[in-house]
Structures are given as C-alpha cells and as structure tokens.
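Visitor: Before I ask anything, let me first share the structure, which is written out below as structure tokens.
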Amino acid sequence: VEEKTSSGLSAIGSTGIDPETVRGNIENFIGTAQVPLGVAGPLLVNGDHARGIFYIPMATTEGALVRSYERGMAAISHSGGAQALVLEDENQTAPTFFFPTVREAREFALWLPEQQELLREECSASTRHGVLTSCRCHQVGRNVIANFGFGTGDAQGMNMIVRATDRLCRRACQEFGSGEFLLFSGMCSEKRASAFLMTRGKGKRATAGALLPNKVLRMVLHTTAEKLMQVWHSTVIGHLQAGAIGYNAHVANGLTAIFIATGQDVANVVNSSVAITSFDPCSEGLYVSVTLPALSIATVGGGTGLATQNEALAMLGCCGSGKATKLAEIITASVLAGEISMAAAIASHEFVAAHETYGRNRPKEAQDPPTK
Ligand code: NAP
C-alpha cells in the first residue's frame, strides 16, 4: 500500500496486533488506527448490576471531551451516585415477505405470529444464546414486514439473529406454501435513527437518573438549577425546530468514545444515541435523567474480545458472559454525566473557554490568529 499510494505508513504498520487474532473482525488488515484512550471518573453507579465506583475508558480525538464527562461524573458522585437500570432488552430484525395479492399478504400476516412453536424451533436450531421473543407483522400493500424480537444474551447479536431470521423466513415460506422474502426491510433501524426506536426499542432500553443538590450545582458545575432549566427548555425548543428524533445534548460523544474503547460496533452509535435527556426542578436542586431506548452493546462477540478492547472492559469488570446488563448501566450513567456537564458549560458560559483550554489543535501556521 505504501508503494501504491506513495505514502509512509510506519505508524499504521507498527501494530502490536497479531493478524491471526483479528480474523472475523477485519479484511485486508494492514495495521491499526490508534486512537488516544483517556479515563474519566470516578463515577458512582447504583444500578441493578453495576454497583460502586467505576473508571470509564474513552477513546477519542476530541479535546475537552474526557474532561467534560469527568466533571459530570464528579457532580454525580458528589450527589450520591446515579441510579441506572435496563428496562427492556430485545434486539430486532424486520424482513419483508412478498405476496401476489393484498388478500394473501393479509392471510400471511395473520398466520405468521401464530406459528410461535415453529419459529422458536428454527431459532434454537441456529443459535444457543439467541431466543425469539416476539413476532409482529406490518402489512403494506402486498408486502408484509415481519418484526422479530430476540433476546441475544451478552452479544450485540446482529450476526446471531440475522442468521436465525434467515432460517425463520425460509421455513415460514415453506410452511405457508407461498411467498418470497428479503432479509432486510430497514424497519428495524439497525445503525439508523428513527421514531420507531423510541417506542419499539432495539437492544437495551436503559435509563439513568440522579438528584444534583444545589450545593453540587454551585461548587462542581458553577451554575444553578434555574440556569440549567433555562438551557434545557431553550434547547428543547431548538430540537423541535430542527425536527430532531429525541432530545439530548451529546449522547453520541460519550457513546462513541466508550464504544471505540470497549470494542462495540461504533456504527451502532446512530441508533444508540436516539435518546431523551430530562431535567426536572425540585426544591433540593435538579433531577437529571437520560433514557436510551436503543442501546446496542455487548460483552461477548464482535470486537469485545480483542486485546485492548478486552482490557477496557476489564477496567469496568465487564468481560464476557453475564456482564452486558452491567455494561449498559455503566454506559448510561456515563452518558448522563456528559449531558450534565455540557448543559452546565452552556449555562455558565464556560463552553468556549473549556474548548480553548483543552480542545484546540490549530495547525502551526494558524496557531496565532491575528489580533485586531
Ligand atoms: P458474533 O461475534 O458474530 O457472535 C457471538 C456469538 O457468541 C453468539 O452468536 C453466541 O453463539 C456466542 N456466545 C457465547 N456466549 C454468549 C453469551 N453469553 N451471550 C450471547 N452470545 C454468546 O457477535 P454477534 O453479537 O452475533 O454480532 C455482532 C457483530 O455483528 C458485530 O461485530 C457487528 O459488527 C456485526 N453486524 C452484523 C450484522 C449482520 O447483519 N450480520 C449487522 C450489523 C452488525 P450462539 O449464537 O451459538 O449462541
């Protein structure tokens, strides 16, 4: 590649990764794109599965990001911690079935959800950990989009459930006696933002909340509940004006940094960052929460077993089987910290100064902008 592109690739090529260990993760492997890794914390989490103090690995090139999340984590921890919960857990696939007439399509749409035993049998023949949990049909003209829900254990599960879906679809057409199918309709919204994700969810629906007392708002965040409410209210209006799906300050920032660090599929940030951040005033201070209806994460499979990614998961006590729910709680509490810190920086007018201090990398010739 160096010869073909007349470029020096010594940094990319000087990798510590043994090519044999990335089979199944990459093709045409030539090295590594090293991303700086920082740590934010301590973060006190009071989840069902994540309990105690955590130090959060974040891989990013955006200066000020780790510092900002850390400030939010300090506010949460000084307030007694964030509660974090996984409310639902179901990944989705949505293939389309095709029929000659709308009547036949309707017959299939009524028939398929009744075939629970048959569908479960096909699913369990395809995966040990994947479990079919629901089947709903949506007819559009002669097409029937079938939305299958699956439990995927500790895996993100798309390889697992798409393979199972392929089996289910073949068997369904065979048993029904007609129809053809294509594996993807797009309705499941994998790696895409949609209103569907808000109500139906995808992967883990997780929420985190904390009560920030007035003293913490003042000492750690340099602001007040009133000013934060003004930021929240005015940015809700901005989101409405933009026609945004959901409402949040920068959930994608924290998710991307943690996803890169811990070997998640980073493109899942698109669906995972469809989220709602809420600020509620109360006499003691401000209650803050964030809800992620479509959080796609794993502690098994994908990139989670690679060396640096596995070490990052180990920092959180989240390696391997039985840890995905805990990881989801930690990530959701971390994201809440980012929402708090960003809102506070806007409320206190410290946003630009923070980026000037931590987040600028002007090229040499532009380092000293002309002064008037
Ligand atoms: P995977 O790495 O392909 O497979 C993980 C496998 O681990 C599971 O299928 C399961 O085997 C096994 N396993 C062992 N212990 C487990 C546990 N405790 N919980 C759950 N599974 C356990 O991972 P995947 O999660 O299925 O797929 C994620 C990958 O798919 C990501 O890398 C992503 O980039 C990629 N992806 C694929 C598609 C697609 O359409 N194919 C779409 C988007 C992303 P059994 O199945 O035998 O139980």
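Residues are referred to by chain and number: the chain letter is A, B, ... according to the order shown in the structure tokens, the number counts from 1 in that chain, and ligands are numbered separately from 1 in the order shown.
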Find the residues near ligand 1. Use a cut-off of 10 Å, count only C-alpha atoms and all ligand atoms, and write them as number ranges by chain.

Guide: A: 24-26, 93, 123-131, 151-164, 183-184, 190-191, 263-268, 296-305, 320-324

Visitor: Show me, as a list in words, the residues that have an atom within 10 Å of A:Gly13 when counting only C-alpha atoms, minus same-chain residues fewer than 3 positions from it.

Guide: Gly8, Leu9, Ser10, Gly16, Ile17, Phe29, Ile30, Gly31, Thr32 and Ala33 of chain A

Visitor: Got time to write the residues from that selection, N, CA and C atoms, as a PDB file, in the first residue's frame?

Guide:
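Saved file selection_28.pdb follows:
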```pdb
ATOM      1  N   GLY A   8       4.087   7.038   3.505  1.00  0.00           N
ATOM      2  CA  GLY A   8       4.763   6.277   4.560  1.00  0.00           C
ATOM      3  C   GLY A   8       3.734   5.830   5.593  1.00  0.00           C
ATOM      4  N   LEU A   9       3.693   4.537   5.867  1.00  0.00           N
ATOM      5  CA  LEU A   9       2.663   4.017   6.779  1.00  0.00           C
ATOM      6  C   LEU A   9       3.283   3.343   7.992  1.00  0.00           C
ATOM      7  N   SER A  10       4.406   3.932   8.476  1.00  0.00           N
ATOM      8  CA  SER A  10       5.094   3.253   9.579  1.00  0.00           C
ATOM      9  C   SER A  10       4.260   3.264  10.857  1.00  0.00           C
ATOM     10  N   GLY A  16       0.797  -3.777  17.413  1.00  0.00           N
ATOM     11  CA  GLY A  16       1.056  -4.900  18.311  1.00  0.00           C
ATOM     12  C   GLY A  16       0.071  -6.035  18.090  1.00  0.00           C
ATOM     13  N   ILE A  17      -0.838  -5.868  17.126  1.00  0.00           N
ATOM     14  CA  ILE A  17      -1.868  -6.896  16.918  1.00  0.00           C
ATOM     15  C   ILE A  17      -1.357  -8.020  16.029  1.00  0.00           C
ATOM     16  N   PHE A  29      -6.168  -6.593   6.310  1.00  0.00           N
ATOM     17  CA  PHE A  29      -5.549  -5.979   7.502  1.00  0.00           C
ATOM     18  C   PHE A  29      -4.152  -5.448   7.184  1.00  0.00           C
ATOM     19  N   ILE A  30      -3.895  -4.175   7.462  1.00  0.00           N
ATOM     20  CA  ILE A  30      -2.543  -3.620   7.242  1.00  0.00           C
ATOM     21  C   ILE A  30      -1.967  -2.979   8.503  1.00  0.00           C
ATOM     22  N   GLY A  31      -2.720  -2.899   9.572  1.00  0.00           N
ATOM     23  CA  GLY A  31      -2.185  -2.274  10.784  1.00  0.00           C
ATOM     24  C   GLY A  31      -3.317  -1.773  11.654  1.00  0.00           C
ATOM     25  N   THR A  32      -3.014  -0.741  12.447  1.00  0.00           N
ATOM     26  CA  THR A  32      -4.059  -0.239  13.345  1.00  0.00           C
ATOM     27  C   THR A  32      -4.175   1.274  13.239  1.00  0.00           C
ATOM     28  N   ALA A  33      -5.407   1.761  13.359  1.00  0.00           N
ATOM     29  CA  ALA A  33      -5.656   3.193  13.505  1.00  0.00           C
ATOM     30  C   ALA A  33      -5.686   3.449  15.004  1.00  0.00           C
TER      31      ALA A  33
END
```

Visitor: Can you check which residues of stretch 206-251 of chain A DSSP gives as alpha helix (DSSP H) on the backbone and send them as a count of residues only?

Guide: 25

Visitor: Excluding A:Phe98 and residues on its chain fewer than 4 positions from it, collect all residues at most 8 Å away from it, counting only C-alpha atoms, and give them as a ChimeraX atom specification.

Guide: /A:105,142-144,179-181

Visitor: I need the residues from that last selection saved to file as a compact mmCIF listing (two decimals), in the first residue's frame (with all heavy atoms), if you can.

Guide:
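The resulting selection32.txt:
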```txt
# COMPACT_ATOMS: atom_id res chain seq x y z
N ALA A 105 -51.40 -11.53 1.33
CA ALA A 105 -50.48 -10.91 2.29
C ALA A 105 -51.14 -10.83 3.67
O ALA A 105 -50.50 -11.11 4.70
CB ALA A 105 -50.09 -9.51 1.81
N ARG A 142 -49.01 -5.35 -0.79
CA ARG A 142 -48.79 -6.80 -0.94
C ARG A 142 -47.61 -7.29 -0.11
O ARG A 142 -47.28 -8.46 -0.11
CB ARG A 142 -48.52 -7.13 -2.41
CG ARG A 142 -49.67 -6.76 -3.33
CD ARG A 142 -49.46 -7.32 -4.71
NE ARG A 142 -48.25 -6.82 -5.36
CZ ARG A 142 -47.75 -7.28 -6.49
NH1 ARG A 142 -48.35 -8.28 -7.11
NH2 ARG A 142 -46.66 -6.76 -7.01
N ASN A 143 -46.92 -6.34 0.55
CA ASN A 143 -45.75 -6.71 1.36
C ASN A 143 -46.14 -6.90 2.82
O ASN A 143 -47.01 -6.19 3.33
CB ASN A 143 -44.69 -5.60 1.32
CG ASN A 143 -44.13 -5.40 -0.08
OD1 ASN A 143 -44.50 -6.10 -1.01
ND2 ASN A 143 -43.25 -4.43 -0.22
N VAL A 144 -45.45 -7.82 3.47
CA VAL A 144 -45.61 -7.95 4.92
C VAL A 144 -44.22 -7.82 5.55
O VAL A 144 -43.32 -8.62 5.27
CB VAL A 144 -46.21 -9.33 5.31
CG1 VAL A 144 -46.26 -9.47 6.83
CG2 VAL A 144 -47.60 -9.48 4.71
N GLY A 179 -45.08 -17.20 -1.08
CA GLY A 179 -44.35 -16.04 -0.58
C GLY A 179 -42.86 -16.14 -0.81
O GLY A 179 -42.30 -17.23 -0.89
N GLU A 180 -42.28 -14.96 -0.97
CA GLU A 180 -40.82 -14.85 -1.06
C GLU A 180 -40.39 -13.83 -0.02
O GLU A 180 -41.23 -13.08 0.49
CB GLU A 180 -40.40 -14.39 -2.45
CG GLU A 180 -40.70 -15.42 -3.52
CD GLU A 180 -40.37 -14.91 -4.91
OE1 GLU A 180 -40.01 -13.71 -5.03
OE2 GLU A 180 -40.48 -15.71 -5.84
N PHE A 181 -39.11 -13.78 0.27
CA PHE A 181 -38.69 -12.79 1.28
C PHE A 181 -37.34 -12.17 0.94
O PHE A 181 -36.55 -12.73 0.19
CB PHE A 181 -38.63 -13.44 2.67
CG PHE A 181 -37.43 -14.35 2.87
CD1 PHE A 181 -36.26 -13.86 3.42
CD2 PHE A 181 -37.48 -15.69 2.51
CE1 PHE A 181 -35.15 -14.68 3.60
CE2 PHE A 181 -36.37 -16.52 2.69
CZ PHE A 181 -35.20 -16.01 3.23
```

Visitor: Any idea what's packed within 12 Å of A:Cys282, counting only C-alpha atoms, ignoring anything in its chain fewer than 5 positions away? Could you give it as a VMD selection string?

Guide: chain A and resid 210 to 214 224 to 226 229 287 to 288

Visitor: For a test of reading the model, state the distance in Å between atom CA of A:Glu339 and atom CA of A:Met187, rounded to one decimal.

Guide: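 These two atoms are separated by 28.7 Å.
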
Visitor: Tell me, as a ChimeraX atom specification, which residues lie within 9 Å of A:Val86, counting only C-alpha atoms; anything in the same chain fewer than 2 positions away does not count.

Guide: /A:47-48,84,88-89,204-208,325-326,328-329

Visitor: What's around A:Thr277 at 7 Å? Count only C-alpha atoms, leave out sequence neighbours fewer than 5 positions away in its own chain, and write the answer as a VMD selection string.

Guide: chain A and resid 247 to 248 289 to 291

Visitor: So the first atom is atom CA of A:Ala64 and the second is atom CA of A:Ala252; what is the distance between them in Å, to one decimal place?

Guide: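 Calculated distance between atom CA of A:Ala64 and atom CA of A:Ala252 is 14.8 Å.
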
Visitor: Enter the distance from atom CA of A:Ala344 to atom CA of A:Glu62, in Å, rounded to one decimal.

Guide: 18.6 Å

Visitor: Which residue gives the smallest distance to A:Ile331 among A:Asn310, A:Ser272, A:Ser348, A:Thr5, with only C-alpha atoms counted?

Guide: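 For A:Ile331, the nearest of the given residues is A:Ser272.
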
Visitor: Could you list, as a list of chain:residue names, every residue within 6 Å of A:Leu313, counting only C-alpha atoms and ignoring same-chain residues fewer than 5 positions away?

Guide: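 Returned residues: A:Thr262, A:Cys318, A:Cys319.
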
Visitor: Would you export the selected residues with N, CA, C and O atoms as a short mmCIF file (atom, residue, chain, number, x, y, z; two decimals), in the first residue's frame, please?

Guide:
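Writing the result to again25.cif gives the following:
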```
data_model
loop_
_atom_site.label_atom_id
_atom_site.label_comp_id
_atom_site.auth_asym_id
_atom_site.auth_seq_id
_atom_site.Cartn_x
_atom_site.Cartn_y
_atom_site.Cartn_z
N THR A 262 -14.17 -0.04 24.03
CA THR A 262 -14.58 -1.36 24.53
C THR A 262 -14.97 -2.35 23.43
O THR A 262 -15.51 -3.42 23.73
N CYS A 318 -16.38 -5.93 33.22
CA CYS A 318 -17.45 -6.30 32.28
C CYS A 318 -16.97 -7.22 31.17
O CYS A 318 -17.43 -7.11 30.03
N CYS A 319 -16.07 -8.15 31.46
CA CYS A 319 -15.62 -9.06 30.41
C CYS A 319 -16.51 -10.30 30.36
O CYS A 319 -16.76 -10.93 31.39
#
```

Visitor: Running DSSP on the backbone, which parts of stretch 136-357 of chain A land in strand (DSSP E), as a ChimeraX atom specification?

Guide: /A:136-140,143-151,180-182,203-213,276-282,285-295

Visitor: Using only C-alpha atoms, which of A:Ala109, A:Ala333, A:Ala257, A:Met73 sits nearest A:Arg136?

Guide: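 Closest residue, counting only C-alpha atoms: A:Ala109.
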